[in-house]
Amino acid sequence: MSELKTNKIMGAVLSAALFTVGLGVVGPRFFPDHIPTKAGFAVDIPADIAGPAKPAAAAPADTPPDWGTVLPKADIAAGQATTAICQACHNFSAAGTNMIGPGLYGVLGRQPGTHPGFAYSQAMIDFGKKQPVWDYDHIYMFIGGPQAYIPGTKMTYTGLKDPQARINVIAYLHTLGSKLPVPAPKGGS
Ligand code: HEC
């Protein structure tokens with residue numbers, strides 16, 4: 001065997017060996033020997049900091065009701081009872097005392113972000129410039145999901161999801177120095 005031929009054979013053997021080693025290194029990347037059942041790991045984010053939930057395809061749109069129809073039928077006492085949740089942060093008396101949140105007496109008809117002596121978020125102040133009156137629709141949407149409705153608000157409460165509970169709370173607020181009339185039902189009569 002000529003030296004050249006030997007070299008060629010040795011070369012071929014060497015490249016075959018290198019290729020095999022190479023496969024051993026690269027192969028597992030393409031053919032993992034264990035397939036994870038879960039990608040990554042789950043992080044539990046509490047609902048109140050997770051932000052607005054992506055609406056499920058089937059979820060009905062959250063739209064305010066016809067106030068002229070629902071307000072006269074609302075359960076004011078139930079609404080007052082529900083405000084126990086709000087009272088962790090809000091005072092509802094005519095004194096208008098500020099707590100963690102602003103006093104809510106007379107909030108219906110008031111300009112958002114303007115109760116004297118309360119340090120509102122910039123988000124709420126800006127909202128009040130666009131929307132000069134807390135009317136039924138806007139309070140309904142806000143208390144249903146404060147951070148989703150006014151991103152940056154410092155009302156950290158997650159929101160009162162149940163529409164009827166929200167209507168009842170608003171009917172109760174309407175008994176507390178509200179400046180808004182009850183509108184006529186849209187259906188007429
Ligand atoms: C964890 C405390 C907390 C809870 C609970 C809470 N709020 Fe608030 N709320 C706040 C704070 C703080 C603000 C001021 C928001 C800002 O400046 O962005 C606020 C603002 C508001 C405003 C706007 C007031 C204004 O003067 O413009 C309304 C209306 C309101 N809350 C209603 C409610 C209702 C109704 C409930 C109960 C269903 C409730 N909140 C529960 C803390 C709370």
# chains A, B, ... in the order shown; residues from 1 in each chain; ligands from 1
call {"tool": "residues_around", "arguments": {"residues": "A:Ile143", "least_positions_apart": "6", "cutoff": "8 Å", "atoms": "only C-alpha atoms", "output": "list in words"}}
result
Gly159, Leu160 and Arg166 of chain A
call {"tool": "select_by_dssp", "arguments": {"residues": "stretch 97-181 of chain A", "states": "alpha helix (DSSP H)", "output": "PyMOL selection string"}}
result
chain A and resi 122-130+136-144+146-149+163-174
call {"tool": "write_last_selection", "arguments": {"atoms": "N, CA, C and O atoms", "output": "short mmCIF file (atom, residue, chain, number, x, y, z; two decimals), in the first residue's frame"}}
result
data_model
loop_
_atom_site.label_atom_id
_atom_site.label_comp_id
_atom_site.auth_asym_id
_atom_site.auth_seq_id
_atom_site.Cartn_x
_atom_site.Cartn_y
_atom_site.Cartn_z
N GLN A 122 -52.52 59.99 38.51
CA GLN A 122 -52.56 60.81 37.29
C GLN A 122 -53.56 60.22 36.31
O GLN A 122 -54.26 60.94 35.60
N ALA A 123 -53.66 58.88 36.32
CA ALA A 123 -54.59 58.20 35.40
C ALA A 123 -56.03 58.66 35.66
O ALA A 123 -56.79 58.92 34.72
N MET A 124 -56.40 58.79 36.94
CA MET A 124 -57.76 59.20 37.27
C MET A 124 -57.98 60.68 36.94
O MET A 124 -59.04 61.06 36.44
N ILE A 125 -56.97 61.49 37.17
CA ILE A 125 -57.09 62.92 36.84
C ILE A 125 -57.27 63.09 35.33
O ILE A 125 -58.14 63.82 34.87
N ASP A 126 -56.47 62.34 34.56
CA ASP A 126 -56.59 62.41 33.09
C ASP A 126 -57.95 61.92 32.63
O ASP A 126 -58.55 62.47 31.71
N PHE A 127 -58.44 60.86 33.28
CA PHE A 127 -59.75 60.33 32.93
C PHE A 127 -60.83 61.40 33.13
O PHE A 127 -61.71 61.57 32.28
N GLY A 128 -60.72 62.15 34.24
CA GLY A 128 -61.69 63.20 34.54
C GLY A 128 -61.67 64.35 33.53
O GLY A 128 -62.66 65.05 33.37
N LYS A 129 -60.54 64.51 32.85
CA LYS A 129 -60.47 65.56 31.83
C LYS A 129 -61.24 65.13 30.58
O LYS A 129 -61.87 65.94 29.90
N LYS A 130 -61.16 63.83 30.27
CA LYS A 130 -61.87 63.31 29.08
C LYS A 130 -63.35 63.12 29.38
O LYS A 130 -64.20 63.24 28.52
N TYR A 136 -73.79 56.95 35.31
CA TYR A 136 -74.05 55.54 35.63
C TYR A 136 -73.16 54.60 34.81
O TYR A 136 -72.55 53.67 35.35
N ASP A 137 -73.10 54.86 33.50
CA ASP A 137 -72.34 53.97 32.61
C ASP A 137 -70.87 53.88 33.02
O ASP A 137 -70.30 52.79 33.07
N HIS A 138 -70.28 55.04 33.30
CA HIS A 138 -68.84 55.02 33.58
C HIS A 138 -68.52 54.41 34.93
O HIS A 138 -67.53 53.70 35.06
N ILE A 139 -69.36 54.65 35.93
CA ILE A 139 -69.11 53.99 37.23
C ILE A 139 -69.29 52.48 37.07
O ILE A 139 -68.51 51.69 37.59
N TYR A 140 -70.30 52.11 36.30
CA TYR A 140 -70.58 50.68 36.08
C TYR A 140 -69.36 49.99 35.46
O TYR A 140 -68.92 48.93 35.92
N MET A 141 -68.79 50.60 34.44
CA MET A 141 -67.63 50.01 33.78
C MET A 141 -66.41 50.05 34.70
O MET A 141 -65.64 49.09 34.76
N PHE A 142 -66.24 51.14 35.42
CA PHE A 142 -65.05 51.28 36.27
C PHE A 142 -65.04 50.25 37.40
O PHE A 142 -64.05 49.54 37.59
N ILE A 143 -66.15 50.14 38.13
CA ILE A 143 -66.12 49.23 39.28
C ILE A 143 -66.14 47.76 38.85
O ILE A 143 -65.83 46.88 39.62
N GLY A 144 -66.48 47.50 37.58
CA GLY A 144 -66.44 46.13 37.07
C GLY A 144 -65.01 45.63 36.87
O GLY A 144 -64.76 44.43 36.89
N PRO A 146 -61.55 47.97 37.59
CA PRO A 146 -60.92 49.29 37.63
C PRO A 146 -59.65 49.41 36.79
O PRO A 146 -59.53 50.34 35.98
N GLN A 147 -58.71 48.47 36.94
CA GLN A 147 -57.43 48.64 36.24
C GLN A 147 -57.58 48.42 34.74
O GLN A 147 -56.83 48.99 33.95
N ALA A 148 -58.55 47.59 34.35
CA ALA A 148 -58.76 47.38 32.92
C ALA A 148 -59.39 48.63 32.31
O ALA A 148 -59.07 49.01 31.18
N TYR A 149 -60.28 49.26 33.07
CA TYR A 149 -61.03 50.39 32.51
C TYR A 149 -60.20 51.68 32.54
O TYR A 149 -60.27 52.48 31.61
N PRO A 163 -73.13 41.77 37.22
CA PRO A 163 -73.82 42.98 36.75
C PRO A 163 -74.91 43.46 37.72
O PRO A 163 -75.00 44.65 37.98
N GLN A 164 -75.71 42.53 38.23
CA GLN A 164 -76.81 42.97 39.11
C GLN A 164 -76.26 43.56 40.40
O GLN A 164 -76.79 44.55 40.91
N ALA A 165 -75.18 43.00 40.93
CA ALA A 165 -74.57 43.56 42.14
C ALA A 165 -74.08 44.98 41.87
O ALA A 165 -74.23 45.88 42.70
N ARG A 166 -73.52 45.19 40.69
CA ARG A 166 -73.04 46.54 40.32
C ARG A 166 -74.21 47.50 40.20
O ARG A 166 -74.14 48.65 40.64
N ILE A 167 -75.31 47.03 39.58
CA ILE A 167 -76.49 47.89 39.44
C ILE A 167 -77.00 48.27 40.84
O ILE A 167 -77.33 49.43 41.10
N ASN A 168 -77.04 47.29 41.75
CA ASN A 168 -77.54 47.57 43.11
C ASN A 168 -76.64 48.57 43.83
O ASN A 168 -77.14 49.47 44.52
N VAL A 169 -75.32 48.42 43.68
CA VAL A 169 -74.39 49.36 44.32
C VAL A 169 -74.62 50.77 43.76
O VAL A 169 -74.66 51.76 44.50
N ILE A 170 -74.82 50.85 42.46
CA ILE A 170 -75.02 52.16 41.83
C ILE A 170 -76.36 52.77 42.26
O ILE A 170 -76.46 53.97 42.51
N ALA A 171 -77.38 51.91 42.42
CA ALA A 171 -78.67 52.40 42.92
C ALA A 171 -78.50 52.94 44.34
O ALA A 171 -79.10 53.96 44.71
N TYR A 172 -77.67 52.28 45.14
CA TYR A 172 -77.39 52.77 46.50
C TYR A 172 -76.63 54.10 46.42
O TYR A 172 -77.00 55.08 47.11
N LEU A 173 -75.60 54.17 45.57
CA LEU A 173 -74.86 55.43 45.41
C LEU A 173 -75.81 56.56 44.99
O LEU A 173 -75.62 57.72 45.37
N HIS A 174 -76.83 56.19 44.22
CA HIS A 174 -77.78 57.20 43.75
C HIS A 174 -78.58 57.82 44.90
O HIS A 174 -79.11 58.92 44.77
#
call {"tool": "residues_near_ligand", "arguments": {"ligand": "ligand 1", "cutoff": "6 Å", "atoms": "only C-alpha atoms and all ligand atoms", "output": "ChimeraX atom specification"}}
result
/A:83,85-86,88-89,100-102,112-115,120-121,123-124,139,143,153-157,160
call {"tool": "write_last_selection", "arguments": {"atoms": "N, CA, C and O atoms", "output": "mmCIF file, in the first residue's frame"}}
result
data_model
loop_
_atom_site.group_PDB
_atom_site.id
_atom_site.type_symbol
_atom_site.label_atom_id
_atom_site.label_comp_id
_atom_site.auth_asym_id
_atom_site.auth_seq_id
_atom_site.Cartn_x
_atom_site.Cartn_y
_atom_site.Cartn_z
ATOM 1 N N THR A 83 -71.544 47.205 49.472
ATOM 2 C CA THR A 83 -70.505 48.222 49.655
ATOM 3 C C THR A 83 -69.640 47.974 50.888
ATOM 4 O O THR A 83 -68.682 48.715 51.116
ATOM 5 N N ILE A 85 -67.591 45.752 50.902
ATOM 6 C CA ILE A 85 -66.302 45.517 50.214
ATOM 7 C C ILE A 85 -65.597 46.851 49.993
ATOM 8 O O ILE A 85 -64.404 46.993 50.236
ATOM 9 N N CYS A 86 -66.357 47.817 49.519
ATOM 10 C CA CYS A 86 -65.773 49.120 49.165
ATOM 11 C C CYS A 86 -65.316 49.864 50.417
ATOM 12 O O CYS A 86 -64.380 50.664 50.362
ATOM 13 N N ALA A 88 -63.703 49.007 52.841
ATOM 14 C CA ALA A 88 -62.313 48.789 53.242
ATOM 15 C C ALA A 88 -61.480 50.023 52.859
ATOM 16 O O ALA A 88 -60.479 50.316 53.485
ATOM 17 N N CYS A 89 -61.930 50.711 51.814
ATOM 18 C CA CYS A 89 -61.158 51.838 51.298
ATOM 19 C C CYS A 89 -61.943 53.139 51.196
ATOM 20 O O CYS A 89 -61.342 54.193 51.033
ATOM 21 N N ILE A 100 -58.310 55.226 52.143
ATOM 22 C CA ILE A 100 -57.381 54.773 51.090
ATOM 23 C C ILE A 100 -57.904 55.286 49.742
ATOM 24 O O ILE A 100 -57.153 55.626 48.843
ATOM 25 N N GLY A 101 -59.225 55.330 49.640
ATOM 26 C CA GLY A 101 -59.883 55.901 48.463
ATOM 27 C C GLY A 101 -60.648 57.157 48.868
ATOM 28 O O GLY A 101 -60.854 57.410 50.057
ATOM 29 N N PRO A 102 -61.091 57.930 47.871
ATOM 30 C CA PRO A 102 -61.821 59.166 48.158
ATOM 31 C C PRO A 102 -63.217 58.905 48.728
ATOM 32 O O PRO A 102 -63.790 57.846 48.489
ATOM 33 N N PRO A 112 -64.741 62.986 37.795
ATOM 34 C CA PRO A 112 -63.768 62.004 38.301
ATOM 35 C C PRO A 112 -62.463 62.684 38.746
ATOM 36 O O PRO A 112 -61.994 63.614 38.094
ATOM 37 N N GLY A 113 -61.934 62.200 39.857
ATOM 38 C CA GLY A 113 -60.623 62.690 40.300
ATOM 39 C C GLY A 113 -60.632 64.065 40.925
ATOM 40 O O GLY A 113 -59.595 64.740 40.910
ATOM 41 N N THR A 114 -61.775 64.495 41.484
ATOM 42 C CA THR A 114 -61.828 65.883 41.987
ATOM 43 C C THR A 114 -62.298 66.014 43.434
ATOM 44 O O THR A 114 -62.570 67.122 43.884
ATOM 45 N N HIS A 115 -62.431 64.910 44.168
ATOM 46 C CA HIS A 115 -62.904 65.064 45.550
ATOM 47 C C HIS A 115 -61.807 65.755 46.368
ATOM 48 O O HIS A 115 -60.663 65.297 46.378
ATOM 49 N N TYR A 120 -55.290 61.762 43.985
ATOM 50 C CA TYR A 120 -55.642 60.809 42.931
ATOM 51 C C TYR A 120 -54.417 60.431 42.101
ATOM 52 O O TYR A 120 -53.434 61.183 42.038
ATOM 53 N N SER A 121 -54.540 59.294 41.411
ATOM 54 C CA SER A 121 -53.511 58.913 40.434
ATOM 55 C C SER A 121 -53.612 59.865 39.239
ATOM 56 O O SER A 121 -54.688 60.420 38.968
ATOM 57 N N ALA A 123 -53.663 58.876 36.321
ATOM 58 C CA ALA A 123 -54.591 58.200 35.402
ATOM 59 C C ALA A 123 -56.026 58.664 35.659
ATOM 60 O O ALA A 123 -56.785 58.923 34.721
ATOM 61 N N MET A 124 -56.395 58.793 36.943
ATOM 62 C CA MET A 124 -57.762 59.203 37.273
ATOM 63 C C MET A 124 -57.978 60.681 36.939
ATOM 64 O O MET A 124 -59.042 61.063 36.438
ATOM 65 N N ILE A 139 -69.362 54.646 35.932
ATOM 66 C CA ILE A 139 -69.107 53.992 37.227
ATOM 67 C C ILE A 139 -69.289 52.480 37.073
ATOM 68 O O ILE A 139 -68.511 51.686 37.593
ATOM 69 N N ILE A 143 -66.152 50.145 38.125
ATOM 70 C CA ILE A 143 -66.122 49.232 39.281
ATOM 71 C C ILE A 143 -66.144 47.763 38.846
ATOM 72 O O ILE A 143 -65.827 46.880 39.621
ATOM 73 N N THR A 153 -54.925 53.371 37.395
ATOM 74 C CA THR A 153 -55.658 53.829 38.571
ATOM 75 C C THR A 153 -55.054 53.205 39.816
ATOM 76 O O THR A 153 -54.520 52.093 39.759
ATOM 77 N N LYS A 154 -55.150 53.914 40.937
ATOM 78 C CA LYS A 154 -54.624 53.295 42.159
ATOM 79 C C LYS A 154 -55.722 52.605 42.954
ATOM 80 O O LYS A 154 -55.507 52.200 44.092
ATOM 81 N N MET A 155 -56.892 52.464 42.357
ATOM 82 C CA MET A 155 -57.918 51.617 42.975
ATOM 83 C C MET A 155 -57.538 50.170 42.658
ATOM 84 O O MET A 155 -57.723 49.699 41.547
ATOM 85 N N THR A 156 -56.947 49.496 43.648
ATOM 86 C CA THR A 156 -56.383 48.169 43.403
ATOM 87 C C THR A 156 -57.425 47.057 43.502
ATOM 88 O O THR A 156 -57.112 45.901 43.288
ATOM 89 N N TYR A 157 -58.648 47.421 43.853
ATOM 90 C CA TYR A 157 -59.733 46.440 43.944
ATOM 91 C C TYR A 157 -59.907 45.736 42.584
ATOM 92 O O TYR A 157 -59.823 46.385 41.534
ATOM 93 N N LEU A 160 -66.027 44.326 40.710
ATOM 94 C CA LEU A 160 -67.288 43.656 41.039
ATOM 95 C C LEU A 160 -67.846 43.151 39.715
ATOM 96 O O LEU A 160 -68.284 43.940 38.880
#
call {"tool": "closest_residue", "arguments": {"among": "A:Met99, A:Leu108, A:Ile150, A:Ala119", "to": "A:Pro132", "atoms": "only C-alpha atoms"}}
result
A:Leu108
call {"tool": "residues_around", "arguments": {"residues": "A:Pro116", "least_positions_apart": "6", "cutoff": "12 Å", "atoms": "only C-alpha atoms", "output": "PyMOL selection string"}}
result
chain A and resi 95-98+101-104+107+110
call {"tool": "residues_around", "arguments": {"residues": "A:Pro181", "least_positions_apart": "2", "cutoff": "12 Å", "atoms": "only C-alpha atoms", "output": "MDAnalysis selection string"}}
result
chainID A and resid 67:68 71:72 108:109 135:136 171 174:175 177:179 183:184
call {"tool": "write_last_selection", "arguments": {"atoms": "N, CA, C and O atoms", "output": "PDB file, in the first residue's frame"}}
result
ATOM      1  N   TRP A  67     -80.437  52.165  32.177  1.00  0.00           N
ATOM      2  CA  TRP A  67     -80.603  52.611  33.568  1.00  0.00           C
ATOM      3  C   TRP A  67     -82.041  52.973  33.911  1.00  0.00           C
ATOM      4  O   TRP A  67     -82.496  52.752  35.036  1.00  0.00           O
ATOM      5  N   GLY A  68     -82.751  53.527  32.950  1.00  0.00           N
ATOM      6  CA  GLY A  68     -84.152  53.890  33.206  1.00  0.00           C
ATOM      7  C   GLY A  68     -84.993  52.674  33.546  1.00  0.00           C
ATOM      8  O   GLY A  68     -85.992  52.766  34.269  1.00  0.00           O
ATOM      9  N   LEU A  71     -82.721  50.817  37.201  1.00  0.00           N
ATOM     10  CA  LEU A  71     -82.570  51.533  38.479  1.00  0.00           C
ATOM     11  C   LEU A  71     -83.823  51.469  39.355  1.00  0.00           C
ATOM     12  O   LEU A  71     -83.716  51.184  40.556  1.00  0.00           O
ATOM     13  N   PRO A  72     -85.013  51.708  38.792  1.00  0.00           N
ATOM     14  CA  PRO A  72     -86.200  51.667  39.656  1.00  0.00           C
ATOM     15  C   PRO A  72     -86.443  50.284  40.273  1.00  0.00           C
ATOM     16  O   PRO A  72     -87.096  50.169  41.305  1.00  0.00           O
ATOM     17  N   LEU A 108     -71.871  60.249  42.156  1.00  0.00           N
ATOM     18  CA  LEU A 108     -72.627  60.258  40.894  1.00  0.00           C
ATOM     19  C   LEU A 108     -72.875  61.703  40.480  1.00  0.00           C
ATOM     20  O   LEU A 108     -73.513  62.459  41.216  1.00  0.00           O
ATOM     21  N   GLY A 109     -72.354  62.078  39.353  1.00  0.00           N
ATOM     22  CA  GLY A 109     -72.508  63.444  38.871  1.00  0.00           C
ATOM     23  C   GLY A 109     -71.276  64.293  39.135  1.00  0.00           C
ATOM     24  O   GLY A 109     -71.159  65.406  38.626  1.00  0.00           O
ATOM     25  N   ASP A 135     -71.022  59.304  35.415  1.00  0.00           N
ATOM     26  CA  ASP A 135     -72.420  58.937  35.199  1.00  0.00           C
ATOM     27  C   ASP A 135     -72.574  57.437  35.454  1.00  0.00           C
ATOM     28  O   ASP A 135     -71.605  56.754  35.803  1.00  0.00           O
ATOM     29  N   TYR A 136     -73.787  56.950  35.305  1.00  0.00           N
ATOM     30  CA  TYR A 136     -74.051  55.538  35.631  1.00  0.00           C
ATOM     31  C   TYR A 136     -73.164  54.596  34.811  1.00  0.00           C
ATOM     32  O   TYR A 136     -72.553  53.668  35.347  1.00  0.00           O
ATOM     33  N   ALA A 171     -77.378  51.909  42.420  1.00  0.00           N
ATOM     34  CA  ALA A 171     -78.675  52.395  42.924  1.00  0.00           C
ATOM     35  C   ALA A 171     -78.501  52.938  44.341  1.00  0.00           C
ATOM     36  O   ALA A 171     -79.101  53.958  44.708  1.00  0.00           O
ATOM     37  N   HIS A 174     -76.831  56.186  44.221  1.00  0.00           N
ATOM     38  CA  HIS A 174     -77.777  57.204  43.754  1.00  0.00           C
ATOM     39  C   HIS A 174     -78.584  57.821  44.904  1.00  0.00           C
ATOM     40  O   HIS A 174     -79.108  58.916  44.772  1.00  0.00           O
ATOM     41  N   THR A 175     -78.649  57.127  46.033  1.00  0.00           N
ATOM     42  CA  THR A 175     -79.372  57.681  47.194  1.00  0.00           C
ATOM     43  C   THR A 175     -78.451  58.606  48.002  1.00  0.00           C
ATOM     44  O   THR A 175     -78.892  59.216  48.968  1.00  0.00           O
ATOM     45  N   GLY A 177     -76.662  61.686  47.758  1.00  0.00           N
ATOM     46  CA  GLY A 177     -76.303  62.998  47.212  1.00  0.00           C
ATOM     47  C   GLY A 177     -76.008  62.988  45.725  1.00  0.00           C
ATOM     48  O   GLY A 177     -75.207  63.802  45.248  1.00  0.00           O
ATOM     49  N   SER A 178     -76.650  62.069  44.979  1.00  0.00           N
ATOM     50  CA  SER A 178     -76.408  62.009  43.532  1.00  0.00           C
ATOM     51  C   SER A 178     -76.944  63.266  42.844  1.00  0.00           C
ATOM     52  O   SER A 178     -77.995  63.777  43.210  1.00  0.00           O
ATOM     53  N   LYS A 179     -76.210  63.729  41.872  1.00  0.00           N
ATOM     54  CA  LYS A 179     -76.660  64.897  41.112  1.00  0.00           C
ATOM     55  C   LYS A 179     -77.299  64.465  39.790  1.00  0.00           C
ATOM     56  O   LYS A 179     -77.615  65.313  38.953  1.00  0.00           O
ATOM     57  N   PRO A 183     -82.761  58.359  34.251  1.00  0.00           N
ATOM     58  CA  PRO A 183     -83.257  58.584  32.891  1.00  0.00           C
ATOM     59  C   PRO A 183     -84.533  57.797  32.618  1.00  0.00           C
ATOM     60  O   PRO A 183     -84.853  56.838  33.336  1.00  0.00           O
ATOM     61  N   ALA A 184     -85.254  58.205  31.595  1.00  0.00           N
ATOM     62  CA  ALA A 184     -86.448  57.457  31.184  1.00  0.00           C
ATOM     63  C   ALA A 184     -85.989  56.144  30.542  1.00  0.00           C
ATOM     64  O   ALA A 184     -84.927  56.104  29.913  1.00  0.00           O
TER      65      ALA A 184
END
call {"tool": "closest_residue", "arguments": {"among": "A:Thr82, A:Ala77, A:Gly145, A:Val70", "to": "A:Lys161", "atoms": "only C-alpha atoms"}}
result
A:Gly145
